[in-house]
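Here's start_17.cif, which has mmCIF, C-alpha atoms and all ligand atoms:
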data_data
loop_
_atom_site.group_PDB
_atom_site.id
_atom_site.type_symbol
_atom_site.label_atom_id
_atom_site.label_comp_id
_atom_site.auth_asym_id
_atom_site.auth_seq_id
_atom_site.Cartn_x
_atom_site.Cartn_y
_atom_site.Cartn_z
ATOM 1 C CA MET A 1 -8.152 8.038 20.480
ATOM 2 C CA LYS A 2 -10.481 5.073 20.569
ATOM 3 C CA VAL A 3 -12.942 4.275 17.816
ATOM 4 C CA LEU A 4 -15.822 3.792 20.245
ATOM 5 C CA GLU A 5 -15.288 7.353 21.510
ATOM 6 C CA ILE A 6 -15.935 8.823 18.058
ATOM 7 C CA LEU A 7 -18.257 6.285 16.413
ATOM 8 C CA GLU A 8 -21.463 8.050 17.457
ATOM 9 C CA LYS A 9 -20.078 11.475 16.487
ATOM 10 C CA ILE A 10 -19.430 10.377 12.911
ATOM 11 C CA LYS A 11 -22.619 8.235 12.777
ATOM 12 C CA GLY A 12 -20.379 5.347 11.847
ATOM 13 C CA THR A 13 -21.197 1.661 11.448
ATOM 14 C CA ILE A 14 -18.533 -0.932 12.129
ATOM 15 C CA VAL A 15 -18.854 -3.481 9.315
ATOM 16 C CA THR A 16 -16.079 -5.848 10.378
ATOM 17 C CA THR A 17 -16.885 -8.202 13.244
ATOM 18 C CA GLN A 18 -13.515 -9.315 14.592
ATOM 19 C CA ILE A 19 -12.521 -6.392 16.780
ATOM 20 C CA ALA A 20 -14.684 -4.446 19.211
ATOM 21 C CA ASP A 21 -12.555 -1.328 19.599
ATOM 22 C CA VAL A 22 -9.397 0.086 18.095
ATOM 23 C CA GLU A 23 -6.956 2.712 19.178
ATOM 24 C CA PHE A 24 -5.800 5.155 16.477
ATOM 25 C CA ASP A 25 -3.484 8.119 16.469
ATOM 26 C CA GLY A 26 -4.349 10.902 14.000
ATOM 27 C CA ILE A 27 -6.084 10.708 10.650
ATOM 28 C CA TYR A 28 -4.779 10.398 7.120
ATOM 29 C CA ALA A 29 -7.398 11.358 4.551
ATOM 30 C CA GLY A 30 -6.863 10.610 0.874
ATOM 31 C CA ASP A 31 -7.829 8.465 -2.067
ATOM 32 C CA LEU A 32 -4.693 8.287 -4.208
ATOM 33 C CA LEU A 33 -2.958 5.237 -2.868
ATOM 34 C CA SER A 34 0.618 6.298 -3.615
ATOM 35 C CA HIS A 35 0.040 9.466 -1.622
ATOM 36 C CA VAL A 36 -1.284 7.390 1.237
ATOM 37 C CA MET A 37 1.707 5.057 0.895
ATOM 38 C CA GLY A 38 4.126 7.954 1.011
ATOM 39 C CA HIS A 39 2.547 9.957 3.833
ATOM 40 C CA ALA A 40 0.273 8.031 6.182
ATOM 41 C CA LYS A 41 1.769 7.280 9.583
ATOM 42 C CA GLU A 42 1.465 4.063 11.538
ATOM 43 C CA LYS A 43 -1.710 4.000 13.708
ATOM 44 C CA ASN A 44 -3.446 6.672 11.600
ATOM 45 C CA MET A 45 -7.122 6.301 10.831
ATOM 46 C CA PHE A 46 -7.368 5.928 7.031
ATOM 47 C CA LEU A 47 -10.272 8.094 5.865
ATOM 48 C CA THR A 48 -11.182 7.600 2.217
ATOM 49 C CA ILE A 49 -13.802 7.039 -0.447
ATOM 50 C CA MET A 50 -11.526 4.561 -2.250
ATOM 51 C CA SER A 51 -13.031 1.169 -1.611
ATOM 52 C CA ASN A 52 -11.326 -1.865 -3.117
ATOM 53 C CA MET A 53 -8.898 -4.608 -2.114
ATOM 54 C CA ASN A 54 -5.981 -2.196 -2.480
ATOM 55 C CA THR A 55 -7.436 0.001 0.267
ATOM 56 C CA ILE A 56 -7.038 -2.956 2.639
ATOM 57 C CA ALA A 57 -3.582 -3.823 1.282
ATOM 58 C CA VAL A 58 -2.313 -0.290 1.879
ATOM 59 C CA ALA A 59 -3.786 -0.160 5.393
ATOM 60 C CA SER A 60 -2.247 -3.509 6.201
ATOM 61 C CA LEU A 61 1.207 -2.662 4.832
ATOM 62 C CA LEU A 62 1.294 0.632 6.739
ATOM 63 C CA ASP A 63 -0.274 -0.688 9.960
ATOM 64 C CA LEU A 64 -3.302 1.581 9.735
ATOM 65 C CA PRO A 65 -5.730 -0.039 12.205
ATOM 66 C CA VAL A 66 -9.009 1.447 10.990
ATOM 67 C CA ILE A 67 -10.439 2.418 7.599
ATOM 68 C CA VAL A 68 -13.359 4.846 7.487
ATOM 69 C CA LEU A 69 -15.265 4.780 4.197
ATOM 70 C CA ALA A 70 -16.995 8.139 3.818
ATOM 71 C CA GLU A 71 -19.996 9.226 1.732
ATOM 72 C CA ASP A 72 -21.791 5.907 2.170
ATOM 73 C CA VAL A 73 -19.196 4.040 0.116
ATOM 74 C CA GLN A 74 -19.589 0.325 0.905
ATOM 75 C CA PRO A 75 -16.918 -2.372 1.068
ATOM 76 C CA THR A 76 -17.329 -5.717 -0.731
ATOM 77 C CA LYS A 77 -17.587 -9.005 1.197
ATOM 78 C CA ASP A 78 -14.053 -9.865 0.070
ATOM 79 C CA MET A 79 -12.768 -6.602 1.506
ATOM 80 C CA ILE A 80 -14.443 -7.246 4.837
ATOM 81 C CA GLN A 81 -13.025 -10.757 4.965
ATOM 82 C CA LYS A 82 -9.532 -9.552 4.077
ATOM 83 C CA ALA A 83 -9.687 -6.743 6.637
ATOM 84 C CA GLU A 84 -10.727 -9.233 9.321
ATOM 85 C CA GLU A 85 -7.824 -11.505 8.403
ATOM 86 C CA GLU A 86 -5.469 -8.572 8.727
ATOM 87 C CA GLY A 87 -6.966 -7.324 11.990
ATOM 88 C CA ILE A 88 -8.214 -4.082 10.438
ATOM 89 C CA MET A 89 -11.531 -2.466 11.340
ATOM 90 C CA ILE A 90 -13.743 -0.973 8.600
ATOM 91 C CA ILE A 91 -16.317 1.703 9.413
ATOM 92 C CA THR A 92 -18.841 3.158 6.995
ATOM 93 C CA THR A 93 -20.606 6.495 7.320
ATOM 94 C CA THR A 94 -22.836 8.665 5.162
ATOM 95 C CA LYS A 95 -20.839 11.745 6.188
ATOM 96 C CA ASN A 96 -18.185 13.171 3.896
ATOM 97 C CA VAL A 97 -14.487 13.362 4.685
ATOM 98 C CA VAL A 98 -14.592 16.932 5.983
ATOM 99 C CA GLU A 99 -17.585 16.203 8.232
ATOM 100 C CA VAL A 100 -15.899 13.115 9.645
ATOM 101 C CA ILE A 101 -12.787 15.086 10.572
ATOM 102 C CA ARG A 102 -14.836 17.953 11.969
ATOM 103 C CA HIS A 103 -16.934 15.640 14.140
ATOM 104 C CA ILE A 104 -13.955 13.669 15.417
ATOM 105 C CA TYR A 105 -12.191 16.796 16.595
ATOM 106 C CA ALA A 106 -15.302 18.670 17.789
ATOM 107 C CA GLU A 107 -15.338 19.386 21.518
ATOM 108 C CA MET B 108 19.163 -15.928 10.235
ATOM 109 C CA GLY B 109 21.047 -17.212 7.179
ATOM 110 C CA ARG B 110 19.576 -16.443 3.834
ATOM 111 C CA ILE B 111 15.936 -16.542 2.810
ATOM 112 C CA THR B 112 14.886 -16.319 -0.802
ATOM 113 C CA GLY B 113 11.665 -16.564 -2.728
ATOM 114 C CA GLU B 114 10.060 -15.890 -6.045
ATOM 115 C CA PHE B 115 6.563 -14.943 -7.164
ATOM 116 C CA ALA B 116 4.790 -14.389 -10.453
ATOM 117 C CA ILE B 117 2.879 -11.113 -10.837
ATOM 118 C CA GLU B 118 -0.060 -10.968 -13.241
ATOM 119 C CA ALA B 119 -0.766 -7.939 -15.394
ATOM 120 C CA MET B 120 -3.921 -5.977 -14.446
ATOM 121 C CA ASP B 121 -4.881 -8.390 -11.663
ATOM 122 C CA LEU B 122 -5.867 -5.484 -9.437
ATOM 123 C CA GLU B 123 -7.806 -7.551 -6.911
ATOM 124 C CA ASN B 124 -4.742 -9.599 -5.938
ATOM 125 C CA ALA B 125 -2.241 -6.787 -6.273
ATOM 126 C CA GLY B 126 -0.342 -6.383 -3.029
ATOM 127 C CA ASN B 127 -0.272 -10.081 -2.114
ATOM 128 C CA VAL B 128 3.434 -10.399 -2.867
ATOM 129 C CA SER B 129 4.281 -7.340 -0.740
ATOM 130 C CA SER B 130 2.047 -8.565 2.022
ATOM 131 C CA PHE B 131 3.760 -11.977 2.052
ATOM 132 C CA ILE B 132 7.237 -10.461 2.129
ATOM 133 C CA LYS B 133 6.213 -8.082 4.918
ATOM 134 C CA LYS B 134 5.007 -11.009 7.023
ATOM 135 C CA THR B 135 8.256 -12.862 6.379
ATOM 136 C CA LEU B 136 10.280 -9.846 7.533
ATOM 137 C CA ILE B 137 8.253 -9.583 10.736
ATOM 138 C CA GLN B 138 8.731 -13.299 11.403
ATOM 139 C CA GLU B 139 12.458 -12.867 10.929
ATOM 140 C CA GLY B 140 12.500 -10.131 13.542
ATOM 141 C CA ILE B 141 13.471 -7.269 11.204
ATOM 142 C CA ALA B 142 13.043 -3.865 12.901
ATOM 143 C CA LYS B 143 9.697 -2.132 12.307
ATOM 144 C CA PRO B 144 11.008 1.015 10.542
ATOM 145 C CA ILE B 145 12.897 -1.205 8.108
ATOM 146 C CA VAL B 146 9.808 -3.342 7.511
ATOM 147 C CA LYS B 147 7.818 -0.206 6.773
ATOM 148 C CA ARG B 148 10.329 1.062 4.218
ATOM 149 C CA VAL B 149 10.493 -2.311 2.480
ATOM 150 C CA SER B 150 6.678 -2.537 2.452
ATOM 151 C CA ILE B 151 6.308 0.862 0.805
ATOM 152 C CA ALA B 152 8.975 0.218 -1.819
ATOM 153 C CA ILE B 153 7.871 -3.251 -2.830
ATOM 154 C CA TYR B 154 4.163 -2.432 -2.853
ATOM 155 C CA GLU B 155 4.729 0.423 -5.289
ATOM 156 C CA ALA B 156 6.976 -1.768 -7.437
ATOM 157 C CA GLU B 157 4.492 -4.632 -7.398
ATOM 158 C CA ILE B 158 1.630 -2.334 -8.411
ATOM 159 C CA ASN B 159 3.712 -0.881 -11.218
ATOM 160 C CA VAL B 160 4.253 -4.379 -12.639
ATOM 161 C CA VAL B 161 0.494 -5.021 -12.346
ATOM 162 C CA ILE B 162 -0.718 -1.771 -13.918
ATOM 163 C CA HIS B 163 2.044 -0.841 -16.372
ATOM 164 C CA SER B 164 3.546 -4.108 -17.595
ATOM 165 C CA TYR B 165 2.590 -7.367 -19.315
ATOM 166 C CA GLY B 166 3.381 -9.185 -16.065
ATOM 167 C CA GLY B 167 6.570 -10.360 -14.440
ATOM 168 C CA VAL B 168 8.283 -11.852 -11.447
ATOM 169 C CA CYS B 169 9.439 -10.690 -8.047
ATOM 170 C CA LYS B 170 12.478 -12.276 -6.409
ATOM 171 C CA TYR B 171 13.549 -11.473 -2.904
ATOM 172 C CA GLU B 172 16.546 -12.240 -0.773
ATOM 173 C CA ILE B 173 16.813 -11.537 2.937
ATOM 174 C CA ASP B 174 20.107 -11.968 4.737
ATOM 175 C CA ASP B 175 21.721 -10.643 7.911
ATOM 176 C CA GLU B 176 22.560 -7.289 6.346
ATOM 177 C CA LYS B 177 19.920 -6.400 3.836
ATOM 178 C CA ILE B 178 16.705 -7.030 1.998
ATOM 179 C CA PHE B 179 17.099 -7.185 -1.759
ATOM 180 C CA VAL B 180 14.061 -7.346 -4.051
ATOM 181 C CA ARG B 181 14.070 -7.511 -7.843
ATOM 182 C CA PHE B 182 11.005 -6.900 -10.001
ATOM 183 C CA GLN B 183 11.399 -8.002 -13.575
ATOM 184 C CA ASP B 184 8.670 -7.684 -16.160
ATOM 185 C CA THR B 185 8.281 -8.497 -19.844
ATOM 186 C CA GLY B 186 7.530 -5.048 -21.263
ATOM 187 C CA PRO B 187 6.574 -2.646 -22.739
ATOM 188 C CA GLY B 188 9.308 -0.837 -20.788
ATOM 189 C CA ILE B 189 9.734 2.770 -19.705
ATOM 190 C CA THR B 190 10.603 5.107 -22.580
ATOM 191 C CA ASP B 191 12.087 7.893 -20.495
ATOM 192 C CA ILE B 192 13.180 6.890 -16.976
ATOM 193 C CA GLU B 193 14.008 10.490 -15.949
ATOM 194 C CA GLN B 194 10.492 11.565 -16.840
ATOM 195 C CA ALA B 195 8.933 8.528 -15.148
ATOM 196 C CA LEU B 196 10.687 9.489 -11.906
ATOM 197 C CA GLN B 197 9.138 12.958 -11.878
ATOM 198 C CA PRO B 198 6.405 13.208 -9.236
ATOM 199 C CA GLY B 199 3.060 13.514 -11.006
ATOM 200 C CA PHE B 200 4.082 11.848 -14.243
ATOM 201 C CA SER B 201 1.823 8.930 -15.011
ATOM 202 C CA THR B 202 0.583 6.902 -17.942
ATOM 203 C CA ALA B 203 -1.816 4.859 -15.781
ATOM 204 C CA ASN B 204 -4.938 3.734 -17.647
ATOM 205 C CA ASN B 205 -8.518 4.382 -16.521
ATOM 206 C CA GLN B 206 -8.894 1.081 -14.735
ATOM 207 C CA ALA B 207 -5.770 1.686 -12.644
ATOM 208 C CA ILE B 208 -6.995 5.192 -11.856
ATOM 209 C CA TYR B 209 -10.373 3.800 -10.821
ATOM 210 C CA TYR B 210 -8.526 1.612 -8.275
ATOM 211 C CA GLY B 211 -6.670 4.588 -6.779
ATOM 212 C CA PHE B 212 -3.418 4.514 -8.735
ATOM 213 C CA GLY B 213 -1.890 6.936 -11.196
ATOM 214 C CA ALA B 214 -0.796 9.820 -8.978
ATOM 215 C CA GLY B 215 2.688 9.464 -10.432
ATOM 216 C CA MET B 216 4.193 9.123 -6.954
ATOM 217 C CA GLY B 217 5.130 5.446 -6.851
ATOM 218 C CA LEU B 218 8.710 5.576 -8.141
ATOM 219 C CA MET B 219 9.395 8.547 -5.869
ATOM 220 C CA ASN B 220 8.132 6.562 -2.898
ATOM 221 C CA ILE B 221 10.391 3.664 -3.874
ATOM 222 C CA LYS B 222 13.377 5.977 -4.178
ATOM 223 C CA ASN B 223 12.674 7.590 -0.798
ATOM 224 C CA ALA B 224 12.165 4.270 0.959
ATOM 225 C CA SER B 225 15.199 2.403 -0.381
ATOM 226 C CA ASP B 226 18.912 2.639 0.282
ATOM 227 C CA GLU B 227 19.730 1.549 -3.244
ATOM 228 C CA PHE B 228 17.351 1.664 -6.140
ATOM 229 C CA HIS B 229 18.123 0.862 -9.749
ATOM 230 C CA ILE B 230 15.960 0.695 -12.869
ATOM 231 C CA SER B 231 16.889 -0.529 -16.270
ATOM 232 C CA SER B 232 14.368 -0.719 -19.047
ATOM 233 C CA SER B 233 13.922 -1.583 -22.693
ATOM 234 C CA PRO B 234 10.842 -2.469 -24.768
ATOM 235 C CA LYS B 235 11.515 -6.086 -23.716
ATOM 236 C CA GLY B 236 10.969 -5.244 -20.086
ATOM 237 C CA THR B 237 11.872 -3.354 -16.955
ATOM 238 C CA THR B 238 14.063 -4.518 -14.086
ATOM 239 C CA LEU B 239 13.850 -2.682 -10.816
ATOM 240 C CA ASP B 240 16.229 -3.530 -7.965
ATOM 241 C CA ILE B 241 15.586 -2.384 -4.433
ATOM 242 C CA THR B 242 18.053 -2.794 -1.578
ATOM 243 C CA ILE B 243 17.313 -1.825 2.011
ATOM 244 C CA TYR B 244 19.911 -2.428 4.722
ATOM 245 C CA SER B 245 18.609 -3.868 7.922
ATOM 246 C CA LYS B 246 21.573 -2.921 10.097
HETATM 247 N N1 LIG C 301 7.129 -1.660 -14.700
HETATM 248 C C1 LIG C 301 6.833 -0.637 -15.501
HETATM 249 N N2 LIG C 301 6.670 -0.863 -16.827
HETATM 250 C C2 LIG C 301 6.371 0.157 -17.670
HETATM 251 N N3 LIG C 301 6.224 1.444 -17.280
HETATM 252 C C3 LIG C 301 6.375 1.713 -15.973
HETATM 253 C C4 LIG C 301 6.690 0.703 -15.020
HETATM 254 N N4 LIG C 301 6.810 1.286 -13.809
HETATM 255 C C5 LIG C 301 6.579 2.592 -13.996
HETATM 256 N N5 LIG C 301 6.323 2.860 -15.303
HETATM 257 C C6 LIG C 301 6.071 4.197 -15.896
HETATM 258 O O1 LIG C 301 6.504 5.200 -14.994
HETATM 259 C C7 LIG C 301 5.400 6.059 -14.663
HETATM 260 C C8 LIG C 301 5.553 6.571 -13.248
HETATM 261 O O2 LIG C 301 5.452 5.498 -12.319
HETATM 262 P P1 LIG C 301 4.991 5.806 -10.824
HETATM 263 O O3 LIG C 301 4.925 4.527 -10.083
HETATM 264 O O4 LIG C 301 5.865 6.864 -10.274
HETATM 265 O O5 LIG C 301 3.532 6.429 -11.007
HETATM 266 P P2 LIG C 301 2.176 5.686 -11.409
HETATM 267 O O6 LIG C 301 2.350 4.207 -11.248
HETATM 268 O O7 LIG C 301 1.772 6.155 -12.733
HETATM 269 O O8 LIG C 301 1.175 6.240 -10.306
HETATM 270 P P3 LIG C 301 1.203 5.878 -8.746
HETATM 271 O O9 LIG C 301 2.396 5.002 -8.484
HETATM 272 O O10 LIG C 301 1.290 7.167 -8.028
HETATM 273 O O11 LIG C 301 -0.074 5.148 -8.483
HETATM 274 C C9 LIG C 301 4.175 5.219 -14.906
HETATM 275 O O12 LIG C 301 3.011 5.979 -15.110
HETATM 276 C C10 LIG C 301 4.594 4.455 -16.173
HETATM 277 O O13 LIG C 301 4.506 5.283 -17.306
HETATM 278 MG MG MG C 302 3.159 3.396 -9.509
#
Taking this structure as input, can you express it in the form of structure tokens?
Amino acid sequence: MKVLEILEKIKGTIVTTQIADVEFDGIYAGDLLSHVMGHAKEKNMFLTIMSNMNTIAVASLLDLPVIVLAEDVQPTKDMIQKAEEEGIMIITTTKNVVEVIRHIYAE
Amino acid sequence: MGRITGEFAIEAMDLENAGNVSSFIKKTLIQEGIAKPIVKRVSIAIYEAEINVVIHSYGGVCKYEIDDEKIFVRFQDTGPGITDIEQALQPGFSTANNQAIYYGFGAGMGLMNIKNASDEFHISSSPKGTTLDITIYSK
């Protein structure tokens, strides 16, 4: 799936500037970073409300190309900068995790 | 490739910079042409170990060694040590403090992840510190 195909559906805003579109394969949703570390698969969208530098570190180490911050959680400037350095896209949305998943997979 | 070694200091409770050591080692492995599934296993194991030094110890060092056969990484900290290693290895057991929990840690899954990701994994601990050795074969 491509981010631009689902961005409108989840009412998402891309807050990083480096990359225009990203391909992802499946979603991993979770906030406890060791669970993410143990279970997320390469290319997964990382859907979370955990917003700090470790969110970026985990995405980068696991090759998760896009982080979606749900429930209007905002990233810091440092996070955005780090994500851009690592080639990771960050999207924010006011929707919650369940809504994001529902909208992505809605026909 | 020969042998590549390096050493880093890890600061206690420096949660903003946590992960930098793992990230550096991952990049080195990619540069050296190590296969992706191996890089992923090393990344998981050393990230969890690095975070544990940050959130549970007074600080320490990470030393790594990459050669033609394996990646070896040692994390050595200066205490307070793990009282009961068996218990610490149980999924869900955690003594993480509130700040670590606020940053997304404390599920009690880290050591399990390290064990699952590594070929050899060894911990020794006393009140003077914990040493954790991780070996992952690249062939
Ligand atoms: N370097 C260390 N020094 C002292 N205690 C440690 C160290 N590493 C682990 N421990 C102890 O072992 C417990 C389990 O560690 P583990 O990494 O499995 O879980 P966690 O760090 O608490 O949570 P998670 O890794 O899921 O974020 C810790 O809560 C802590 O009590
Ligand atoms: Mg841990």
* Test item: which residues lie within 9 Å of (5.7, -6.3, -15.6) counting all atoms listed in the file, as a PyMOL selection string -> chain B and resi 117-119+157+159-168+182-188+236-238
Suppose we keep C-alpha atoms; can you now write the selection as a tab-separated table (two decimals), in the coordinates of the input?
chain	number	residue	atom	x	y	z
B	117	ILE	CA	2.88	-11.11	-10.84
B	118	GLU	CA	-0.06	-10.97	-13.24
B	119	ALA	CA	-0.77	-7.94	-15.39
B	157	GLU	CA	4.49	-4.63	-7.40
B	159	ASN	CA	3.71	-0.88	-11.22
B	160	VAL	CA	4.25	-4.38	-12.64
B	161	VAL	CA	0.49	-5.02	-12.35
B	162	ILE	CA	-0.72	-1.77	-13.92
B	163	HIS	CA	2.04	-0.84	-16.37
B	164	SER	CA	3.55	-4.11	-17.60
B	165	TYR	CA	2.59	-7.37	-19.32
B	166	GLY	CA	3.38	-9.18	-16.07
B	167	GLY	CA	6.57	-10.36	-14.44
B	168	VAL	CA	8.28	-11.85	-11.45
B	182	PHE	CA	11.00	-6.90	-10.00
B	183	GLN	CA	11.40	-8.00	-13.58
B	184	ASP	CA	8.67	-7.68	-16.16
B	185	THR	CA	8.28	-8.50	-19.84
B	186	GLY	CA	7.53	-5.05	-21.26
B	187	PRO	CA	6.57	-2.65	-22.74
B	188	GLY	CA	9.31	-0.84	-20.79
B	236	GLY	CA	10.97	-5.24	-20.09
B	237	THR	CA	11.87	-3.35	-16.95
B	238	THR	CA	14.06	-4.52	-14.09
* Decode the PyMOL selection byres ((chain B) within 10 of (chain A)) for the given file into explicit residues and return them as an NGL selection string. => :B and (122-127 or 129-130 or 133-134 or 146-152 or 154-155 or 158 or 208-221 or 223-224)
Write the residues you've just listed into a file as a PDB file, in the frame of the given file, and include C-alpha atoms for each of them.
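Final file, selection.pdb:
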ATOM      1  CA  LEU B 122      -5.867  -5.484  -9.437  1.00  0.00           C
ATOM      2  CA  GLU B 123      -7.806  -7.551  -6.911  1.00  0.00           C
ATOM      3  CA  ASN B 124      -4.742  -9.599  -5.938  1.00  0.00           C
ATOM      4  CA  ALA B 125      -2.241  -6.787  -6.273  1.00  0.00           C
ATOM      5  CA  GLY B 126      -0.342  -6.383  -3.029  1.00  0.00           C
ATOM      6  CA  ASN B 127      -0.272 -10.081  -2.114  1.00  0.00           C
ATOM      7  CA  SER B 129       4.281  -7.340  -0.740  1.00  0.00           C
ATOM      8  CA  SER B 130       2.047  -8.565   2.022  1.00  0.00           C
ATOM      9  CA  LYS B 133       6.213  -8.082   4.918  1.00  0.00           C
ATOM     10  CA  LYS B 134       5.007 -11.009   7.023  1.00  0.00           C
ATOM     11  CA  VAL B 146       9.808  -3.342   7.511  1.00  0.00           C
ATOM     12  CA  LYS B 147       7.818  -0.206   6.773  1.00  0.00           C
ATOM     13  CA  ARG B 148      10.329   1.062   4.218  1.00  0.00           C
ATOM     14  CA  VAL B 149      10.493  -2.311   2.480  1.00  0.00           C
ATOM     15  CA  SER B 150       6.678  -2.537   2.452  1.00  0.00           C
ATOM     16  CA  ILE B 151       6.308   0.862   0.805  1.00  0.00           C
ATOM     17  CA  ALA B 152       8.975   0.218  -1.819  1.00  0.00           C
ATOM     18  CA  TYR B 154       4.163  -2.432  -2.853  1.00  0.00           C
ATOM     19  CA  GLU B 155       4.729   0.423  -5.289  1.00  0.00           C
ATOM     20  CA  ILE B 158       1.630  -2.334  -8.411  1.00  0.00           C
ATOM     21  CA  ILE B 208      -6.995   5.192 -11.856  1.00  0.00           C
ATOM     22  CA  TYR B 209     -10.373   3.800 -10.821  1.00  0.00           C
ATOM     23  CA  TYR B 210      -8.526   1.612  -8.275  1.00  0.00           C
ATOM     24  CA  GLY B 211      -6.670   4.588  -6.779  1.00  0.00           C
ATOM     25  CA  PHE B 212      -3.418   4.514  -8.735  1.00  0.00           C
ATOM     26  CA  GLY B 213      -1.890   6.936 -11.196  1.00  0.00           C
ATOM     27  CA  ALA B 214      -0.796   9.820  -8.978  1.00  0.00           C
ATOM     28  CA  GLY B 215       2.688   9.464 -10.432  1.00  0.00           C
ATOM     29  CA  MET B 216       4.193   9.123  -6.954  1.00  0.00           C
ATOM     30  CA  GLY B 217       5.130   5.446  -6.851  1.00  0.00           C
ATOM     31  CA  LEU B 218       8.710   5.576  -8.141  1.00  0.00           C
ATOM     32  CA  MET B 219       9.395   8.547  -5.869  1.00  0.00           C
ATOM     33  CA  ASN B 220       8.132   6.562  -2.898  1.00  0.00           C
ATOM     34  CA  ILE B 221      10.391   3.664  -3.874  1.00  0.00           C
ATOM     35  CA  ASN B 223      12.674   7.590  -0.798  1.00  0.00           C
ATOM     36  CA  ALA B 224      12.165   4.270   0.959  1.00  0.00           C
TER      37      ALA B 224
END
* Please evaluate the PyMOL selection byres (((chain B and resi 245) around 8) and not hetatm) against the displayed coordinates and give the resulting residues as number ranges by chain. => B: 141-142, 145, 175-178, 243-244, 246
* Taking the file as shown, find all residues satisfying the PyMOL selection byres (((chain B and resi 115) around 6) and not hetatm) and write them as a VMD selection string. => chain B and resid 114 116 168 to 169
Give as a compact mmCIF listing (two decimals) with C-alpha atoms, in the frame of the given file each residue that has an atom at most 12 Å from (21.1, -13.8, -0.8) in the file, counting only C-alpha atoms.
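The resulting file, point25.txt, is reproduced below:
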# COMPACT_ATOMS: atom_id res chain seq x y z
CA MET B 108 19.16 -15.93 10.24
CA GLY B 109 21.05 -17.21 7.18
CA ARG B 110 19.58 -16.44 3.83
CA ILE B 111 15.94 -16.54 2.81
CA THR B 112 14.89 -16.32 -0.80
CA GLY B 113 11.66 -16.56 -2.73
CA LYS B 170 12.48 -12.28 -6.41
CA TYR B 171 13.55 -11.47 -2.90
CA GLU B 172 16.55 -12.24 -0.77
CA ILE B 173 16.81 -11.54 2.94
CA ASP B 174 20.11 -11.97 4.74
CA ASP B 175 21.72 -10.64 7.91
CA GLU B 176 22.56 -7.29 6.35
CA LYS B 177 19.92 -6.40 3.84
CA ILE B 178 16.70 -7.03 2.00
CA PHE B 179 17.10 -7.18 -1.76
CA VAL B 180 14.06 -7.35 -4.05
CA ARG B 181 14.07 -7.51 -7.84
CA THR B 242 18.05 -2.79 -1.58
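Compared by their closest atoms to Asn44 of chain A, and using only C-alpha atoms, the residues A:Asp25, A:Ala59, A:Val68, A:Ile101 rank with A:Asp25 nearest.
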Specify the axis-aligned box that encloses all atoms of segment 131-136 of chain B listed in the file after padding of 5 Å on each side, stating its centre and edge lengths in Å to one decimal as JSON.
{"center_x": 7.0, "center_y": -10.5, "center_z": 4.8, "size_x": 16.5, "size_y": 14.8, "size_z": 15.5}
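Taking atom N2 of ligand LIG 301 (chain C) and atom CA of Leu136 of chain B as the two end points, the separation is 26.2 Å.
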* Do you know which residues are at most 10 Å from Lys222 of chain B counting all atoms listed in the file, after dropping those on the same chain fewer than 6 positions away, and could you put them as a ChimeraX atom specification? -> /B:152,196,228-229,241
* For ligand MG 302 (chain C), which residue among B:Ile153, B:Thr190, B:Lys235, B:Gln138 is the nearest when counting only C-alpha atoms and all ligand atoms? -> B:Ile153
* Asked: Taking all atoms listed in the file into account, which of B:Asp191, B:Asp240, B:Glu227, B:Glu139 comes nearest ligand LIG 301 (chain C)?
  ->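 The answer is B:Asp191, which sits nearest to ligand LIG 301 (chain C).
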* To do: Can you work out which one of B:Lys143, B:Thr202, B:Gln194, B:Ile137 has the shortest atom-to-atom distance to ligand MG 302 (chain C), counting all atoms listed in the file?
  =>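 That would be B:Thr202, the residue with the smallest distance to ligand MG 302 (chain C).
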* Separation of atom CA of Phe24 of chain A and atom CA of Glu99 of chain A, in Å? -> 18.1 Å
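Each of B:Ile230, B:Val128, B:Ala195, B:Met120 was compared to ligand LIG 301 (chain C) using all atoms listed in the file, and B:Ala195 turns out to be the nearest.
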When you get a chance, write out N, CA, C and O atoms for segment 181-186 of chain B, as a short mmCIF file (atom, residue, chain, number, x, y, z; two decimals), in the frame of the given file.
data_model
loop_
_atom_site.label_atom_id
_atom_site.label_comp_id
_atom_site.auth_asym_id
_atom_site.auth_seq_id
_atom_site.Cartn_x
_atom_site.Cartn_y
_atom_site.Cartn_z
N ARG B 181 14.01 -7.84 -6.40
CA ARG B 181 14.07 -7.51 -7.84
C ARG B 181 12.71 -7.76 -8.48
O ARG B 181 12.11 -8.81 -8.29
N PHE B 182 12.23 -6.76 -9.22
CA PHE B 182 11.00 -6.90 -10.00
C PHE B 182 11.39 -6.86 -11.47
O PHE B 182 12.04 -5.90 -11.91
N GLN B 183 11.01 -7.91 -12.17
CA GLN B 183 11.40 -8.00 -13.58
C GLN B 183 10.15 -8.30 -14.39
O GLN B 183 9.45 -9.27 -14.10
N ASP B 184 9.87 -7.42 -15.36
CA ASP B 184 8.67 -7.68 -16.16
C ASP B 184 9.03 -7.83 -17.63
O ASP B 184 10.19 -7.69 -18.02
N THR B 185 8.03 -8.13 -18.45
CA THR B 185 8.28 -8.50 -19.84
C THR B 185 7.88 -7.39 -20.83
O THR B 185 7.64 -7.64 -21.99
N GLY B 186 7.81 -6.17 -20.37
CA GLY B 186 7.53 -5.05 -21.26
C GLY B 186 6.23 -4.37 -20.91
O GLY B 186 5.55 -4.83 -20.00
#
